[in-house]
file entry15.csv (CSV, C-alpha atoms)
chain,number,residue,atom,x,y,z
A,60,MET,CA,99.4,87.0,133.3
A,61,PRO,CA,96.5,84.5,133.6
A,62,ILE,CA,93.7,85.6,131.2
A,63,ALA,CA,90.1,84.8,132.1
A,64,HIS,CA,88.5,82.2,129.8
A,65,SER,CA,85.8,84.4,128.4
A,66,SER,CA,88.0,87.4,127.7
A,67,LEU,CA,90.4,85.0,125.9
A,68,ILE,CA,87.6,83.7,123.7
A,69,LYS,CA,86.4,87.3,123.0
A,70,ALA,CA,89.9,88.4,122.0
A,71,ILE,CA,90.4,85.4,119.7
A,72,MET,CA,87.0,86.0,118.0
A,73,LEU,CA,87.9,89.7,117.5
A,74,ILE,CA,91.2,88.8,116.0
A,75,SER,CA,89.6,86.2,113.8
A,76,ILE,CA,87.2,88.9,112.5
A,77,ALA,CA,90.1,91.2,111.8
A,78,ILE,CA,91.8,88.4,109.9
A,79,GLY,CA,88.6,87.8,108.0
A,80,ILE,CA,88.6,91.5,107.0
A,81,VAL,CA,92.2,91.3,105.8
A,82,GLY,CA,91.0,88.2,103.9
A,83,ILE,CA,88.4,90.4,102.2
A,84,SER,CA,91.1,92.7,101.0
A,85,LEU,CA,93.1,89.7,99.6
A,86,GLY,CA,90.0,88.5,97.8
A,87,SER,CA,89.2,91.9,96.3
A,88,VAL,CA,92.9,92.4,95.3
A,89,ALA,CA,92.7,89.0,93.4
A,90,ALA,CA,89.4,90.1,91.8
A,91,SER,CA,90.9,93.5,90.7
A,92,PHE,CA,93.8,91.6,89.0
A,93,GLY,CA,91.2,89.6,87.1
A,94,LEU,CA,92.4,86.2,88.5
A,95,PRO,CA,89.8,83.4,88.5
A,96,ILE,CA,88.1,82.9,91.9
A,97,TRP,CA,89.6,79.4,92.6
A,98,ILE,CA,93.1,80.8,92.9
A,99,PRO,CA,92.6,83.0,96.1
A,100,VAL,CA,90.1,80.5,97.5
A,101,LEU,CA,92.3,77.5,97.0
A,102,LEU,CA,95.3,79.4,98.4
A,103,SER,CA,93.4,80.5,101.5
A,104,VAL,CA,92.3,77.0,102.3
A,105,SER,CA,95.5,75.1,101.4
A,106,VAL,CA,98.2,77.6,102.4
A,107,LEU,CA,96.5,79.4,105.3
A,108,ALA,CA,99.3,82.0,105.7
A,109,GLY,CA,98.3,85.5,104.7
A,110,ALA,CA,101.6,87.2,103.9
A,111,ALA,CA,102.7,84.4,101.5
A,112,GLU,CA,99.3,84.5,99.8
A,113,PHE,CA,99.4,88.2,99.2
A,114,THR,CA,102.9,87.8,97.7
A,115,PHE,CA,101.9,84.9,95.6
A,116,ILE,CA,98.9,86.6,94.1
A,117,GLY,CA,100.8,89.9,93.6
A,118,MET,CA,103.6,88.1,91.8
A,119,VAL,CA,101.4,85.9,89.6
A,120,ALA,CA,99.2,88.9,88.6
A,121,SER,CA,102.3,90.8,87.6
A,122,GLY,CA,103.5,87.9,85.3
A,123,ALA,CA,106.0,86.0,87.5
A,124,HIS,CA,106.1,82.2,87.0
A,125,PRO,CA,103.7,80.6,89.5
A,126,VAL,CA,106.4,78.2,90.8
A,127,PHE,CA,108.8,81.1,91.4
A,128,ALA,CA,106.0,82.9,93.2
A,129,ALA,CA,105.4,79.7,95.3
A,130,CYS,CA,109.1,79.6,96.2
A,131,THR,CA,109.0,83.2,97.4
A,132,GLY,CA,106.0,82.3,99.5
A,133,ILE,CA,107.8,79.3,100.9
A,134,LEU,CA,110.7,81.6,101.9
A,135,ILE,CA,108.2,83.8,103.8
A,136,ASN,CA,106.7,80.8,105.5
A,137,LEU,CA,110.0,79.5,106.8
A,138,ARG,CA,109.3,81.1,110.1
A,139,HIS,CA,106.8,78.3,110.7
A,140,LEU,CA,109.7,75.9,111.4
A,141,PRO,CA,110.6,77.4,114.8
A,142,PHE,CA,106.9,77.7,115.4
A,143,GLY,CA,106.5,74.0,115.1
A,144,LEU,CA,109.4,73.4,117.5
A,145,SER,CA,107.6,75.6,120.1
A,146,VAL,CA,104.1,74.3,119.6
A,147,ALA,CA,105.3,70.7,120.1
A,148,GLU,CA,105.5,71.5,123.8
A,149,PHE,CA,101.7,71.6,124.2
A,150,ILE,CA,100.3,69.8,121.1
A,151,GLN,CA,99.9,66.0,121.6
A,152,ASN,CA,101.8,63.7,119.2
A,153,ASN,CA,98.7,61.9,118.0
A,154,ARG,CA,96.7,61.8,114.8
A,155,LEU,CA,95.3,65.3,115.3
A,156,LYS,CA,98.8,66.6,115.0
A,157,PHE,CA,98.4,66.6,111.2
A,158,LEU,CA,95.5,69.1,111.5
A,159,ALA,CA,97.2,71.0,114.3
A,160,CYS,CA,100.2,71.6,112.0
A,161,HIS,CA,98.0,73.0,109.2
A,162,ILE,CA,96.3,75.6,111.5
A,163,MET,CA,99.7,76.8,112.7
A,164,ASN,CA,100.0,80.5,112.1
A,165,ASP,CA,101.2,83.7,113.9
A,166,GLU,CA,98.0,84.2,115.8
A,167,SER,CA,97.4,80.6,117.0
A,168,VAL,CA,101.0,80.1,118.1
A,169,MET,CA,100.9,83.4,119.9
A,170,PHE,CA,97.7,82.8,121.7
A,171,GLY,CA,98.9,79.3,122.6
A,172,LEU,CA,102.3,80.4,124.0
A,173,SER,CA,100.8,83.2,126.0
A,174,GLN,CA,98.7,80.8,128.2
A,175,SER,CA,99.9,79.7,131.7
A,176,ASP,CA,99.5,75.9,131.6
A,177,LEU,CA,99.8,73.2,128.9
A,178,ALA,CA,96.1,72.4,128.7
A,179,LEU,CA,95.1,76.0,128.3
A,180,LYS,CA,97.9,76.5,125.8
A,181,ALA,CA,96.5,73.7,123.7
A,182,LYS,CA,92.9,75.0,124.0
A,183,ALA,CA,93.9,78.5,123.0
A,184,TYR,CA,96.0,77.2,120.1
A,185,TRP,CA,93.2,75.0,118.7
A,186,PHE,CA,90.4,77.5,119.1
A,187,CYS,CA,92.4,80.4,117.5
A,188,GLY,CA,93.7,78.1,114.8
A,189,ILE,CA,90.3,76.8,113.8
A,190,CYS,CA,88.7,80.2,113.9
A,191,VAL,CA,91.4,81.6,111.6
A,192,ALA,CA,91.0,78.5,109.3
A,193,ILE,CA,87.3,79.4,109.0
A,194,PHE,CA,87.3,83.2,108.9
A,195,TRP,CA,90.3,83.6,106.5
A,196,PRO,CA,88.8,81.6,103.5
A,197,LEU,CA,85.4,83.1,104.3
A,198,GLY,CA,86.8,86.6,104.1
A,199,VAL,CA,88.8,85.9,100.9
A,200,THR,CA,85.7,84.5,99.2
A,201,LEU,CA,83.5,87.4,100.3
A,202,GLY,CA,86.2,89.9,99.2
A,203,TYR,CA,86.4,88.3,95.7
A,204,VAL,CA,82.6,88.3,95.3
A,205,LEU,CA,82.2,91.9,96.5
A,206,GLY,CA,85.3,92.9,94.4
A,207,ARG,CA,85.6,96.5,93.7
A,208,TYR,CA,82.6,97.6,95.7
A,209,ILE,CA,84.8,97.3,98.8
A,210,PRO,CA,86.1,100.6,100.2
A,211,ASP,CA,89.8,100.7,101.2
A,212,ILE,CA,89.7,98.6,104.4
A,213,TYR,CA,92.9,100.1,105.6
A,214,ALA,CA,91.1,103.4,106.1
A,215,PHE,CA,89.5,101.7,109.1
A,216,GLY,CA,92.8,100.9,110.8
A,217,ILE,CA,92.3,97.1,110.7
A,218,ASN,CA,95.9,96.5,110.0
A,219,ALA,CA,96.9,97.9,113.4
A,220,ALA,CA,95.1,95.0,115.1
A,221,PHE,CA,97.7,92.4,114.3
A,222,PRO,CA,100.8,94.0,115.7
A,223,ALA,CA,98.9,95.3,118.7
A,224,ILE,CA,97.7,91.9,119.8
A,225,LEU,CA,101.1,90.4,119.2
A,226,PHE,CA,102.7,93.0,121.5
A,227,ALA,CA,100.0,92.5,124.1
A,228,LEU,CA,100.5,88.7,124.2
A,229,ILE,CA,104.3,88.9,124.1
A,230,MET,CA,104.6,91.5,126.9
A,231,PRO,CA,104.3,89.0,129.9
A,232,MET,CA,106.9,86.8,128.3
A,233,LEU,CA,109.3,89.8,128.1
A,234,LYS,CA,109.4,89.9,131.9
A,235,ASN,CA,112.0,87.2,131.6
A,236,LYS,CA,115.3,89.0,131.2
A,237,ILE,CA,116.9,86.6,128.7
A,238,THR,CA,113.8,86.5,126.6
A,239,ARG,CA,113.6,90.2,126.6
A,240,ARG,CA,117.2,90.7,125.5
A,241,ARG,CA,116.8,88.1,122.8
A,242,ALA,CA,113.6,89.8,121.5
A,243,PHE,CA,115.2,93.3,121.4
A,244,ILE,CA,118.5,92.2,119.8
A,245,GLY,CA,116.6,89.9,117.4
A,246,ALA,CA,114.3,92.6,116.1
A,247,GLY,CA,117.2,95.0,115.8
A,248,LEU,CA,119.3,92.6,113.8
A,249,SER,CA,116.3,91.9,111.5
A,250,LEU,CA,115.6,95.6,110.9
A,251,ALA,CA,119.3,96.1,110.1
A,252,SER,CA,119.2,93.3,107.6
A,253,ILE,CA,116.3,94.6,105.5
A,254,PRO,CA,118.4,96.4,102.9
A,255,PHE,CA,120.5,93.2,102.2
A,256,LEU,CA,117.9,90.4,102.1
A,257,ALA,CA,114.9,89.3,100.0
A,258,THR,CA,111.4,89.5,101.4
A,259,GLY,CA,110.7,87.1,104.2
A,260,LEU,CA,114.3,86.6,105.2
A,261,PRO,CA,114.9,89.6,107.5
A,262,VAL,CA,112.5,88.3,110.1
A,263,LEU,CA,114.5,85.0,110.3
A,264,VAL,CA,117.7,87.0,111.1
A,265,SER,CA,116.2,87.6,114.5
A,266,MET,CA,116.9,83.9,115.3
A,267,LEU,CA,120.6,84.8,115.6
A,268,SER,CA,119.8,86.5,118.9
A,269,LEU,CA,119.1,83.1,120.5
A,270,ILE,CA,122.8,82.6,120.8
A,271,VAL,CA,123.2,85.6,123.0
A,272,GLY,CA,121.1,84.4,125.9
A,273,ARG,CA,122.6,81.0,125.9
A,274,LYS,CA,126.1,82.4,126.4
A,275,SER,CA,125.3,84.6,129.2
A,276,LYS,CA,123.7,81.9,131.3
B,216,MET,CA,94.3,80.2,79.6
B,217,ASN,CA,93.7,76.5,80.4
B,218,ASP,CA,97.5,75.8,80.2
B,219,ASN,CA,98.1,78.9,82.3
B,220,GLY,CA,95.6,77.7,84.8
B,221,THR,CA,97.4,74.4,85.2
B,222,ILE,CA,100.7,76.1,85.9
B,223,VAL,CA,99.1,78.4,88.5
B,224,PHE,CA,97.5,75.4,90.1
B,225,ILE,CA,100.9,73.7,90.3
B,226,GLY,CA,102.2,76.9,91.9
B,227,VAL,CA,99.5,76.9,94.5
B,228,MET,CA,100.1,73.3,95.3
B,229,VAL,CA,103.9,73.8,95.6
B,230,LEU,CA,103.3,76.7,98.0
B,231,ALA,CA,100.7,74.7,100.0
B,232,VAL,CA,102.8,71.5,100.3
B,233,GLY,CA,106.0,73.4,101.0
B,234,THR,CA,104.3,75.4,103.7
B,235,TYR,CA,102.8,72.3,105.3
B,236,LEU,CA,106.1,70.5,105.3
B,237,ILE,CA,107.8,73.5,107.0
B,238,ARG,CA,105.0,73.5,109.7
B,239,TYR,CA,105.3,69.7,110.2
B,240,ALA,CA,109.1,69.6,110.2
B,241,GLY,CA,109.5,71.7,113.3
B,242,PHE,CA,106.8,69.8,115.1
B,243,TYR,CA,108.3,66.4,114.0
B,244,LEU,CA,111.8,67.4,115.0
B,245,ALA,CA,110.7,68.5,118.5
B,246,HIS,CA,109.1,65.1,119.1
B,247,GLN,CA,112.2,63.2,117.9
B,248,ILE,CA,114.6,64.9,120.2
B,249,SER,CA,114.0,65.0,123.9
B,250,PHE,CA,115.1,68.4,125.0
B,251,GLN,CA,116.5,69.4,128.3
B,252,GLU,CA,114.7,72.1,130.4
B,253,LYS,CA,117.0,74.9,129.2
B,254,HIS,CA,116.4,73.9,125.6
B,255,LYS,CA,112.7,74.1,126.1
B,256,GLN,CA,113.2,77.7,127.1
B,257,LEU,CA,115.2,78.2,123.9
B,258,MET,CA,112.3,76.7,121.8
B,259,SER,CA,109.7,79.0,123.3
B,260,ASP,CA,112.0,81.9,123.0
B,261,ALA,CA,112.5,81.1,119.3
B,262,ALA,CA,108.8,81.7,118.6
B,263,CYS,CA,108.7,84.7,121.0
B,264,VAL,CA,111.6,86.4,119.3
B,265,LEU,CA,110.1,85.7,115.9
B,266,LEU,CA,106.7,87.0,116.8
B,267,PHE,CA,108.1,90.1,118.5
B,268,THR,CA,110.1,90.8,115.3
B,269,LEU,CA,107.0,90.3,113.2
B,270,ALA,CA,105.1,92.7,115.5
B,271,VAL,CA,107.8,95.4,115.0
B,272,PHE,CA,107.8,94.8,111.2
B,273,ASN,CA,104.0,94.9,111.0
B,274,THR,CA,104.0,98.1,113.0
B,275,LEU,CA,106.5,99.9,110.8
B,276,PHE,CA,105.8,98.5,107.4
B,277,ASP,CA,102.9,97.7,105.0
B,278,GLU,CA,104.3,95.4,102.4
B,279,ASP,CA,107.7,97.0,101.8
B,280,HIS,CA,107.1,100.7,102.7
B,281,PHE,CA,106.7,102.7,105.9
B,282,SER,CA,103.2,102.2,107.1
B,283,GLY,CA,102.8,105.8,108.4
B,284,MET,CA,102.3,107.6,111.7
B,285,SER,CA,98.7,106.6,112.2
B,286,LYS,CA,99.3,102.9,112.6
B,287,LEU,CA,102.5,103.6,114.6
B,288,ILE,CA,100.6,105.7,117.1
B,289,GLY,CA,97.6,103.3,117.1
B,290,VAL,CA,99.9,100.4,118.1
B,291,LEU,CA,101.7,102.5,120.7
B,292,VAL,CA,98.4,103.4,122.4
B,293,ALA,CA,97.5,99.7,122.4
B,294,ILE,CA,100.9,98.8,123.9
B,295,ILE,CA,100.3,101.3,126.7
B,296,ILE,CA,96.8,99.8,127.4
B,297,ALA,CA,98.3,96.3,127.4
B,298,TRP,CA,101.0,97.5,129.8
B,299,LYS,CA,98.3,98.9,132.1
B,300,ASN,CA,96.7,95.5,132.1
B,301,GLY,CA,93.8,96.4,129.8
B,302,SER,CA,91.9,93.5,128.4
B,303,LEU,CA,92.9,92.0,125.0
B,304,VAL,CA,89.7,93.2,123.5
B,305,LEU,CA,90.4,96.7,124.6
B,306,VAL,CA,93.9,96.4,123.2
B,307,ILE,CA,92.6,95.5,119.8
B,308,LEU,CA,89.8,98.1,119.7
B,309,SER,CA,92.2,100.9,120.8
B,310,ALA,CA,94.7,100.1,118.1
B,311,VAL,CA,92.1,99.9,115.4
B,312,GLY,CA,90.1,102.9,116.7
B,313,THR,CA,93.1,105.2,117.2
B,314,THR,CA,94.5,104.4,113.8
B,315,ALA,CA,91.1,104.9,112.1
B,316,VAL,CA,90.5,108.3,113.8
B,317,LEU,CA,94.0,109.5,112.9
B,318,ARG,CA,93.4,108.5,109.3
B,319,LEU,CA,90.0,110.1,109.3
B,320,ILE,CA,91.5,113.5,110.3
B,321,GLY,CA,94.1,113.2,107.6
B,322,ILE,CA,97.2,111.7,109.3
B,323,LYS,CA,98.5,109.0,107.0

call {"tool": "encode", "arguments": {"input": "entry15.csv", "output": "structure tokens"}}
result
Amino acid sequence: MPIAHSSLIKAIMLISIAIGIVGISLGSVAASFGLPIWIPVLLSVSVLAGAAEFTFIGMVASGAHPVFAACTGILINLRHLPFGLSVAEFIQNNRLKFLACHIMNDESVMFGLSQSDLALKAKAYWFCGICVAIFWPLGVTLGYVLGRYIPDIYAFGINAAFPAILFALIMPMLKNKITRRRAFIGAGLSLASIPFLATGLPVLVSMLSLIVGRKSK
Amino acid sequence: MNDNGTIVFIGVMVLAVGTYLIRYAGFYLAHQISFQEKHKQLMSDAACVLLFTLAVFNTLFDEDHFSGMSKLIGVLVAIIIAWKNGSLVLVILSAVGTTAVLRLIGIK
């Protein structure tokens, strides 16, 4: 499904704004825990991975050792390993790769993969990655400053934006029979593993489904 | 507090460096090994399967509890619009809009 340039840019902007709003909620959560402002801001710039940051702040605020909280966050971020493998197809192996790796997140990888040719993939990846790298820390900082004056953002349904855009971008790829089978089996395995594994690990169980497609072809 | 601040700072740095190394490791590995065509398909499938699973998880859960019917229906509406070749902007707005309206009328 080739997506027109301008509509791609609009979609990336919109998702970045949604990410900024989620950032606001992270900032306000950190403020409500009474953490100093540098913690959420430094996290948002240096880690740039939302779920791990929420977990880190939640654990530190509830008294867990920060290094233990960091290890839990790292576990959640393990999914970036296969992301790196996929992104290498369209990101050049030059100096910019160090920056390209830092802006690797669910959204930038998804927008990159969903494009039709290598040049467009790289453009979508870079544009989305940079937008997220700007909007996320901005949102977190704003959220901390506004603190408790922020109404419950989830009342506005913002958290539905992320899964919706993921499904929309993945859909064309699921036309491939093997990919589709792997995706369904993988998600099923992950869901089934939830009761047995720690946070962050069930998603990785989906990787087992990659064996399935290889055998059948 | 100062001591505590140092430990938290170390924690943040451990998370940041660890995350960066994970990101870089995949990228580095892929450039070290030259993959055959069928393996390239496997690589892109790896990300696709992960993201699909993430999408399912994010639809069903907030943190570690069921996220409620409103988001579930909102995402389903968005999927239908995406399936009917609606624009990505429309997909995002329909998901957010439907979920917000449902929550407004009291469906969690």

call {"tool": "interface_residues", "arguments": {"input": "entry15.csv", "of": "chain B", "to": "chain A", "cutoff": "6 Å", "atoms": "only C-alpha atoms", "output": "PyMOL selection string"}}
result
chain B and resi 223+226+230-231+234+237-239+241-242+245+258-259+262+264+268+270+273-274+286+290+293+297+303-304+307+310-311+314-315

call {"tool": "atom_distance", "arguments": {"input": "entry15.csv", "atom1": "atom CA of A:Gly117", "atom2": "atom CA of A:Ala251"}}
result
25.6 Å

call {"tool": "atom_distance", "arguments": {"input": "entry15.csv", "atom1": "atom CA of B:Phe267", "atom2": "atom CA of A:Ser84"}}
result
24.5 Å

call {"tool": "atom_distance", "arguments": {"input": "entry15.csv", "atom1": "atom CA of A:Ser87", "atom2": "atom CA of A:Phe170"}}
result
28.3 Å

call {"tool": "closest_residue", "arguments": {"input": "entry15.csv", "among": "B:Ile296, B:Ser302, B:Ser309, B:Ser282", "to": "B:Lys323", "atoms": "all atoms listed in the file"}}
result
B:Ser282

call {"tool": "residues_near_point", "arguments": {"input": "entry15.csv", "point": "(94.1, 95.0, 89.0)", "cutoff": "12 Å", "atoms": "only C-alpha atoms", "output": "PyMOL selection string"}}
result
chain A and resi 85-94+116-117+119-121+206-207

call {"tool": "residues_around", "arguments": {"input": "entry15.csv", "residues": "A:Gly79", "least_positions_apart": "6", "cutoff": "6 Å", "atoms": "all atoms listed in the file", "output": "MDAnalysis selection string"}}
result
chainID A and resid 194:195 198

call {"tool": "axis_aligned_box", "arguments": {"input": "entry15.csv", "around": "stretch 125-133 of chain A", "padding_each_side": "5 Å", "output": "JSON"}}
result
{"center_x": 106.4, "center_y": 80.7, "center_z": 95.2, "size_x": 15.4, "size_y": 15.0, "size_z": 21.4}
